[in-house]
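File shown: my_file_13.pdb. Contents: PDB, C-alpha atoms, pLDDT in the B column.
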ATOM      1  CA  MET A   1     162.096  56.393 310.595  1.00 76.00           C
ATOM      2  CA  MET A   2     160.670  53.317 312.310  1.00 82.00           C
ATOM      3  CA  ALA A   3     161.374  51.174 309.231  1.00 82.00           C
ATOM      4  CA  GLU A   4     165.022  52.314 309.277  1.00 87.00           C
ATOM      5  CA  ARG A   5     165.392  51.335 312.917  1.00 88.00           C
ATOM      6  CA  LYS A   6     163.805  47.970 312.233  1.00 88.00           C
ATOM      7  CA  LEU A   7     166.161  47.364 309.299  1.00 85.00           C
ATOM      8  CA  LEU A   8     169.192  48.422 311.347  1.00 90.00           C
ATOM      9  CA  ARG A   9     168.132  46.138 314.194  1.00 91.00           C
ATOM     10  CA  LYS A  10     167.633  43.218 311.805  1.00 91.00           C
ATOM     11  CA  ARG A  11     171.058  43.836 310.272  1.00 92.00           C
ATOM     12  CA  TRP A  12     172.732  43.840 313.684  1.00 94.00           C
ATOM     13  CA  ILE A  13     170.965  40.672 314.764  1.00 95.00           C
ATOM     14  CA  TRP A  14     172.082  38.769 311.669  1.00 96.00           C
ATOM     15  CA  ILE A  15     175.678  40.015 311.798  1.00 96.00           C
ATOM     16  CA  VAL A  16     175.921  39.057 315.480  1.00 97.00           C
ATOM     17  CA  VAL A  17     174.468  35.591 314.759  1.00 97.00           C
ATOM     18  CA  LEU A  18     176.946  35.128 311.896  1.00 97.00           C
ATOM     19  CA  LEU A  19     179.944  36.285 313.953  1.00 97.00           C
ATOM     20  CA  LEU A  20     178.970  34.063 316.893  1.00 98.00           C
ATOM     21  CA  TYR A  21     178.640  31.109 314.542  1.00 98.00           C
ATOM     22  CA  VAL A  22     182.046  31.738 312.954  1.00 98.00           C
ATOM     23  CA  GLY A  23     183.415  31.973 316.503  1.00 97.00           C
ATOM     24  CA  PHE A  24     181.839  28.581 317.250  1.00 96.00           C
ATOM     25  CA  ILE A  25     183.513  27.086 314.155  1.00 96.00           C
ATOM     26  CA  PHE A  26     186.904  28.532 315.105  1.00 96.00           C
ATOM     27  CA  HIS A  27     186.463  27.379 318.707  1.00 94.00           C
ATOM     28  CA  ASN A  28     185.928  23.831 317.442  1.00 91.00           C
ATOM     29  CA  SER A  29     189.174  24.098 315.469  1.00 91.00           C
ATOM     30  CA  LEU A  30     191.061  25.226 318.548  1.00 92.00           C
ATOM     31  CA  THR A  31     189.875  22.215 320.554  1.00 90.00           C
ATOM     32  CA  PRO A  32     192.827  19.836 321.163  1.00 88.00           C
ATOM     33  CA  ALA A  33     192.724  16.542 319.257  1.00 84.00           C
ATOM     34  CA  ASP A  34     192.067  14.376 322.348  1.00 87.00           C
ATOM     35  CA  GLU A  35     188.991  16.356 323.374  1.00 87.00           C
ATOM     36  CA  SER A  36     187.736  16.617 319.789  1.00 86.00           C
ATOM     37  CA  SER A  37     188.061  12.857 319.404  1.00 83.00           C
ATOM     38  CA  ARG A  38     186.144  12.285 322.674  1.00 87.00           C
ATOM     39  CA  GLN A  39     183.338  14.539 321.426  1.00 86.00           C
ATOM     40  CA  SER A  40     183.175  12.716 318.098  1.00 85.00           C
ATOM     41  CA  GLY A  41     183.246   9.381 319.909  1.00 84.00           C
ATOM     42  CA  ARG A  42     180.254  10.381 322.049  1.00 89.00           C
ATOM     43  CA  VAL A  43     178.308  11.423 318.948  1.00 87.00           C
ATOM     44  CA  LEU A  44     179.283   8.159 317.232  1.00 84.00           C
ATOM     45  CA  GLN A  45     178.037   6.096 320.181  1.00 86.00           C
ATOM     46  CA  MET A  46     174.763   8.019 320.228  1.00 86.00           C
ATOM     47  CA  ILE A  47     174.279   7.422 316.494  1.00 87.00           C
ATOM     48  CA  LEU A  48     175.139   3.729 316.785  1.00 84.00           C
ATOM     49  CA  ARG A  49     172.695   3.246 319.677  1.00 86.00           C
ATOM     50  CA  SER A  50     169.965   5.007 317.687  1.00 86.00           C
ATOM     51  CA  ILE A  51     170.597   2.903 314.593  1.00 85.00           C
ATOM     52  CA  GLN A  52     170.668  -0.321 316.598  1.00 83.00           C
ATOM     53  CA  TRP A  53     167.476   0.715 318.392  1.00 87.00           C
ATOM     54  CA  ILE A  54     165.624   0.817 315.072  1.00 83.00           C
ATOM     55  CA  GLY A  55     167.098  -2.573 314.171  1.00 84.00           C
ATOM     56  CA  MET A  56     169.722  -1.575 311.608  1.00 83.00           C
ATOM     57  CA  GLU A  57     173.390  -2.519 311.404  1.00 83.00           C
ATOM     58  CA  GLY A  58     175.674   0.445 312.049  1.00 77.00           C
ATOM     59  CA  GLY A  59     179.126  -1.063 311.518  1.00 80.00           C
ATOM     60  CA  TRP A  60     179.749   1.150 308.507  1.00 83.00           C
ATOM     61  CA  ILE A  61     179.457   4.323 310.597  1.00 85.00           C
ATOM     62  CA  THR A  62     182.891   5.400 311.819  1.00 84.00           C
ATOM     63  CA  GLU A  63     184.282   8.323 313.771  1.00 84.00           C
ATOM     64  CA  TYR A  64     185.829   9.536 310.514  1.00 89.00           C
ATOM     65  CA  LEU A  65     182.394   9.634 308.858  1.00 89.00           C
ATOM     66  CA  VAL A  66     180.915  11.445 311.866  1.00 88.00           C
ATOM     67  CA  ARG A  67     183.679  14.067 311.793  1.00 88.00           C
ATOM     68  CA  LYS A  68     183.433  14.701 308.052  1.00 92.00           C
ATOM     69  CA  THR A  69     179.633  14.858 308.181  1.00 92.00           C
ATOM     70  CA  ALA A  70     179.879  17.352 311.045  1.00 90.00           C
ATOM     71  CA  HIS A  71     182.291  19.477 308.981  1.00 91.00           C
ATOM     72  CA  PHE A  72     179.929  19.486 306.032  1.00 96.00           C
ATOM     73  CA  ALA A  73     176.804  20.225 308.120  1.00 96.00           C
ATOM     74  CA  GLU A  74     178.567  22.962 310.098  1.00 96.00           C
ATOM     75  CA  TYR A  75     179.556  24.718 306.907  1.00 98.00           C
ATOM     76  CA  THR A  76     176.194  24.204 305.223  1.00 98.00           C
ATOM     77  CA  LEU A  77     174.677  26.250 308.045  1.00 98.00           C
ATOM     78  CA  LEU A  78     177.431  28.833 307.576  1.00 98.00           C
ATOM     79  CA  GLY A  79     176.456  29.151 303.904  1.00 97.00           C
ATOM     80  CA  ILE A  80     172.828  29.731 304.863  1.00 97.00           C
ATOM     81  CA  LEU A  81     173.812  32.345 307.462  1.00 97.00           C
ATOM     82  CA  LEU A  82     176.085  34.119 304.961  1.00 97.00           C
ATOM     83  CA  ILE A  83     173.251  34.371 302.425  1.00 95.00           C
ATOM     84  CA  ILE A  84     170.794  35.732 304.993  1.00 95.00           C
ATOM     85  CA  THR A  85     173.277  38.173 306.549  1.00 95.00           C
ATOM     86  CA  LEU A  86     174.697  39.589 303.322  1.00 94.00           C
ATOM     87  CA  ARG A  87     171.179  39.968 301.984  1.00 92.00           C
ATOM     88  CA  GLN A  88     170.543  42.468 304.783  1.00 90.00           C
ATOM     89  CA  TYR A  89     173.443  44.680 303.678  1.00 89.00           C
ATOM     90  CA  PHE A  90     173.757  44.504 299.895  1.00 87.00           C
ATOM     91  CA  GLU A  91     170.947  44.885 297.385  1.00 84.00           C
ATOM     92  CA  VAL A  92     173.221  44.417 294.371  1.00 85.00           C
ATOM     93  CA  LEU A  93     173.271  40.697 293.625  1.00 85.00           C
ATOM     94  CA  THR A  94     176.770  40.732 292.128  1.00 90.00           C
ATOM     95  CA  VAL A  95     178.269  42.286 295.263  1.00 91.00           C
ATOM     96  CA  ARG A  96     176.503  39.720 297.460  1.00 91.00           C
ATOM     97  CA  ARG A  97     177.685  36.799 295.315  1.00 93.00           C
ATOM     98  CA  ILE A  98     181.298  38.006 295.341  1.00 95.00           C
ATOM     99  CA  LEU A  99     181.276  38.420 299.126  1.00 95.00           C
ATOM    100  CA  GLN A 100     179.531  35.071 299.626  1.00 95.00           C
ATOM    101  CA  CYS A 101     182.144  33.275 297.557  1.00 95.00           C
ATOM    102  CA  TRP A 102     185.024  35.160 299.125  1.00 97.00           C
ATOM    103  CA  LEU A 103     183.873  34.570 302.719  1.00 97.00           C
ATOM    104  CA  GLY A 104     182.723  31.041 301.878  1.00 96.00           C
ATOM    105  CA  SER A 105     186.305  30.272 300.838  1.00 96.00           C
ATOM    106  CA  LEU A 106     188.217  32.396 303.360  1.00 97.00           C
ATOM    107  CA  ILE A 107     186.543  31.068 306.522  1.00 97.00           C
ATOM    108  CA  PRO A 108     187.396  27.391 305.778  1.00 96.00           C
ATOM    109  CA  LEU A 109     190.985  28.394 304.945  1.00 96.00           C
ATOM    110  CA  VAL A 110     191.337  30.259 308.245  1.00 96.00           C
ATOM    111  CA  ASP A 111     189.633  27.394 310.087  1.00 95.00           C
ATOM    112  CA  GLU A 112     192.077  24.777 308.796  1.00 94.00           C
ATOM    113  CA  THR A 113     195.025  27.133 309.368  1.00 95.00           C
ATOM    114  CA  LEU A 114     194.002  27.491 313.024  1.00 94.00           C
ATOM    115  CA  GLN A 115     194.231  23.722 313.368  1.00 93.00           C
ATOM    116  CA  LEU A 116     197.928  23.896 312.464  1.00 92.00           C
ATOM    117  CA  PHE A 117     198.467  25.645 315.804  1.00 91.00           C
ATOM    118  CA  THR A 118     196.261  23.343 317.880  1.00 89.00           C
ATOM    119  CA  GLU A 119     197.672  20.451 319.904  1.00 89.00           C
ATOM    120  CA  GLY A 120     197.381  17.167 318.025  1.00 89.00           C
ATOM    121  CA  ARG A 121     195.483  18.700 315.085  1.00 89.00           C
ATOM    122  CA  SER A 122     196.503  19.298 311.507  1.00 88.00           C
ATOM    123  CA  GLY A 123     195.005  21.468 308.821  1.00 87.00           C
ATOM    124  CA  GLN A 124     193.954  19.406 305.820  1.00 91.00           C
ATOM    125  CA  ILE A 125     193.390  20.753 302.320  1.00 94.00           C
ATOM    126  CA  SER A 126     190.758  18.038 301.856  1.00 94.00           C
ATOM    127  CA  ASP A 127     188.854  19.549 304.799  1.00 94.00           C
ATOM    128  CA  VAL A 128     189.059  23.009 303.193  1.00 96.00           C
ATOM    129  CA  TRP A 129     187.406  21.542 300.089  1.00 97.00           C
ATOM    130  CA  LEU A 130     184.807  19.685 302.171  1.00 97.00           C
ATOM    131  CA  ASP A 131     184.031  22.847 304.168  1.00 97.00           C
ATOM    132  CA  MET A 132     183.716  24.913 301.001  1.00 97.00           C
ATOM    133  CA  ALA A 133     181.405  22.276 299.506  1.00 97.00           C
ATOM    134  CA  GLY A 134     179.248  22.525 302.634  1.00 97.00           C
ATOM    135  CA  THR A 135     179.195  26.314 302.419  1.00 97.00           C
ATOM    136  CA  PHE A 136     178.200  26.269 298.762  1.00 97.00           C
ATOM    137  CA  THR A 137     175.526  23.659 299.522  1.00 98.00           C
ATOM    138  CA  GLY A 138     174.167  26.128 302.078  1.00 98.00           C
ATOM    139  CA  PHE A 139     174.209  28.817 299.382  1.00 96.00           C
ATOM    140  CA  LEU A 140     172.237  26.565 297.042  1.00 96.00           C
ATOM    141  CA  PHE A 141     169.740  25.598 299.733  1.00 97.00           C
ATOM    142  CA  ALA A 142     169.116  29.184 300.863  1.00 96.00           C
ATOM    143  CA  GLY A 143     168.990  30.374 297.256  1.00 92.00           C
ATOM    144  CA  ALA A 144     166.392  27.723 296.426  1.00 94.00           C
ATOM    145  CA  VAL A 145     164.264  28.742 299.407  1.00 94.00           C
ATOM    146  CA  TYR A 146     164.449  32.423 298.423  1.00 89.00           C
ATOM    147  CA  TRP A 147     163.605  31.526 294.824  1.00 90.00           C
ATOM    148  CA  LEU A 148     160.570  29.495 295.922  1.00 92.00           C
ATOM    149  CA  LEU A 149     159.371  32.304 298.181  1.00 89.00           C
ATOM    150  CA  THR A 150     159.748  34.962 295.486  1.00 85.00           C
ATOM    151  CA  LYS A 151     158.100  32.685 292.916  1.00 81.00           C
ATOM    152  CA  ARG A 152     155.134  32.365 295.257  1.00 74.00           C
ATOM    153  CA  GLU A 153     155.085  36.130 295.679  1.00 72.00           C
ATOM    154  CA  ARG A 154     155.155  36.740 291.912  1.00 72.00           C
ATOM    155  CA  LYS A 155     152.181  34.427 291.440  1.00 70.00           C
ATOM    156  CA  GLY A 156     150.042  36.599 293.681  1.00 62.00           C
ATOM    157  CA  GLY A 157     150.533  35.382 297.213  1.00 55.00           C
ATOM    158  CA  ASN A 158     149.199  32.463 299.146  1.00 54.00           C
ATOM    159  CA  GLY A 159     145.899  31.985 297.354  1.00 51.00           C
ATOM    160  CA  ASP A 160     143.808  34.305 299.508  1.00 52.00           C
ATOM    161  CA  GLY A 161     144.318  37.302 297.236  1.00 48.00           C
ATOM    162  CA  LYS A 162     146.873  38.937 299.562  1.00 51.00           C
ATOM    163  CA  LYS A 163     150.501  39.439 298.661  1.00 49.00           C
ATOM    164  CA  TYR A 164     152.906  37.551 300.898  1.00 46.00           C
ATOM    165  CA  ARG A 165     156.267  39.208 301.532  1.00 50.00           C
ATOM    166  CA  ALA A 166     158.016  36.236 303.188  1.00 50.00           C
ATOM    167  CA  VAL A 167     161.363  36.946 301.564  1.00 51.00           C
ATOM    168  CA  ASN A 168     161.639  40.346 303.217  1.00 54.00           C
ATOM    169  CA  ARG A 169     160.791  38.859 306.609  1.00 53.00           C
ATOM    170  CA  ILE A 170     163.992  36.857 306.704  1.00 58.00           C
TER     171      ILE A 170
END
Take the structure in this file and express it as structure tokens.
Amino acid sequence: MMAERKLLRKRWIWIVVLLLYVGFIFHNSLTPADESSRQSGRVLQMILRSIQWIGMEGGWITEYLVRKTAHFAEYTLLGILLIITLRQYFEVLTVRRILQCWLGSLIPLVDETLQLFTEGRSGQISDVWLDMAGTFTGFLFAGAVYWLLTKRERKGGNGDGKKYRAVNRI
């Protein structure tokens, strides 16, 4: 009974984290172009100051690069969160993979569609592809971590003779 409650609690935590994160992504898409550009400009200035501080030339870093990198990183984290969350609900790998791919494609499509209705913004198919690439990179990263953890578990634990169930702790 206690294990069921713990599992249910873990499921709710991960679904809430995922939904809040998707809300954050959509909120960013609903930010008007002027404000979005100001935010990117502030990040660009921070990056340029940091690069100059270590003595490197930063002329090649542009606001465009900052924005596209942010898109990719934002969606890489989404891919990781999708893997973790769906893992809590579906034991059948095929079902998880189908949902991961479906949501990993649908969320970027909705995100770019929202931008069509935002002042000064436009939805770009190239951004859908970039976002999906970030999501699938997150899938690969999380999958590699799970694989490494289960490989360690199959080999008998962490070397002290005790089994280590790290995968089930996530």
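The coordinates place atom CA of Arg96 of chain A at 22.2 Å from atom CA of Ala73 of chain A.
Atom CA of Met132 of chain A lies 6.0 Å from atom CA of Ser105 of chain A.
Note that the spacing between atom CA of Ser36 of chain A and atom CA of Gly55 of chain A amounts to 28.7 Å.
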Picked residues, the PyMOL selection byres ((chain A and resi 63) around 12), as a VMD selection string: chain A and resid 36 to 48 58 to 62 64 to 70
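Applied to this file, the PyMOL selection byres ((chain A and resi 107-111) around 9) selects Val22, Ile25, Phe26, Asn28, Ser29, Leu30, Tyr75, Trp102, Leu103, Gly104, Ser105, Leu106, Glu112, Thr113, Leu114, Gln115, Gly123, Ile125, Asp127, Val128, Trp129, Leu130, Asp131, Met132 and Thr135 of chain A.
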Saved selection, atoms kept: C-alpha atoms, as a compact mmCIF listing (two decimals), in the coordinates of the input:
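In the end it all went to part-v4.txt:
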# COMPACT_ATOMS: atom_id res chain seq x y z
CA VAL A 22 182.05 31.74 312.95
CA ILE A 25 183.51 27.09 314.15
CA PHE A 26 186.90 28.53 315.10
CA ASN A 28 185.93 23.83 317.44
CA SER A 29 189.17 24.10 315.47
CA LEU A 30 191.06 25.23 318.55
CA TYR A 75 179.56 24.72 306.91
CA TRP A 102 185.02 35.16 299.12
CA LEU A 103 183.87 34.57 302.72
CA GLY A 104 182.72 31.04 301.88
CA SER A 105 186.30 30.27 300.84
CA LEU A 106 188.22 32.40 303.36
CA GLU A 112 192.08 24.78 308.80
CA THR A 113 195.02 27.13 309.37
CA LEU A 114 194.00 27.49 313.02
CA GLN A 115 194.23 23.72 313.37
CA GLY A 123 195.00 21.47 308.82
CA ILE A 125 193.39 20.75 302.32
CA ASP A 127 188.85 19.55 304.80
CA VAL A 128 189.06 23.01 303.19
CA TRP A 129 187.41 21.54 300.09
CA LEU A 130 184.81 19.68 302.17
CA ASP A 131 184.03 22.85 304.17
CA MET A 132 183.72 24.91 301.00
CA THR A 135 179.20 26.31 302.42
Hits from the PyMOL selection byres ((chain A and resi 78) around 8), listed as a short mmCIF file (atom, residue, chain, number, x, y, z; two decimals) with C-alpha atoms, in the coordinates of the input:
data_model
loop_
_atom_site.label_atom_id
_atom_site.label_comp_id
_atom_site.auth_asym_id
_atom_site.auth_seq_id
_atom_site.Cartn_x
_atom_site.Cartn_y
_atom_site.Cartn_z
CA LEU A 18 176.95 35.13 311.90
CA TYR A 21 178.64 31.11 314.54
CA VAL A 22 182.05 31.74 312.95
CA GLU A 74 178.57 22.96 310.10
CA TYR A 75 179.56 24.72 306.91
CA THR A 76 176.19 24.20 305.22
CA LEU A 77 174.68 26.25 308.04
CA GLY A 79 176.46 29.15 303.90
CA ILE A 80 172.83 29.73 304.86
CA LEU A 81 173.81 32.34 307.46
CA LEU A 82 176.08 34.12 304.96
CA THR A 135 179.20 26.31 302.42
CA GLY A 138 174.17 26.13 302.08
#
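Distances from A:Leu19, A:Ile98, A:Ala33, A:Met2 to Thr118 of chain A were compared using only C-alpha atoms, and the smallest one belongs to A:Ala33.
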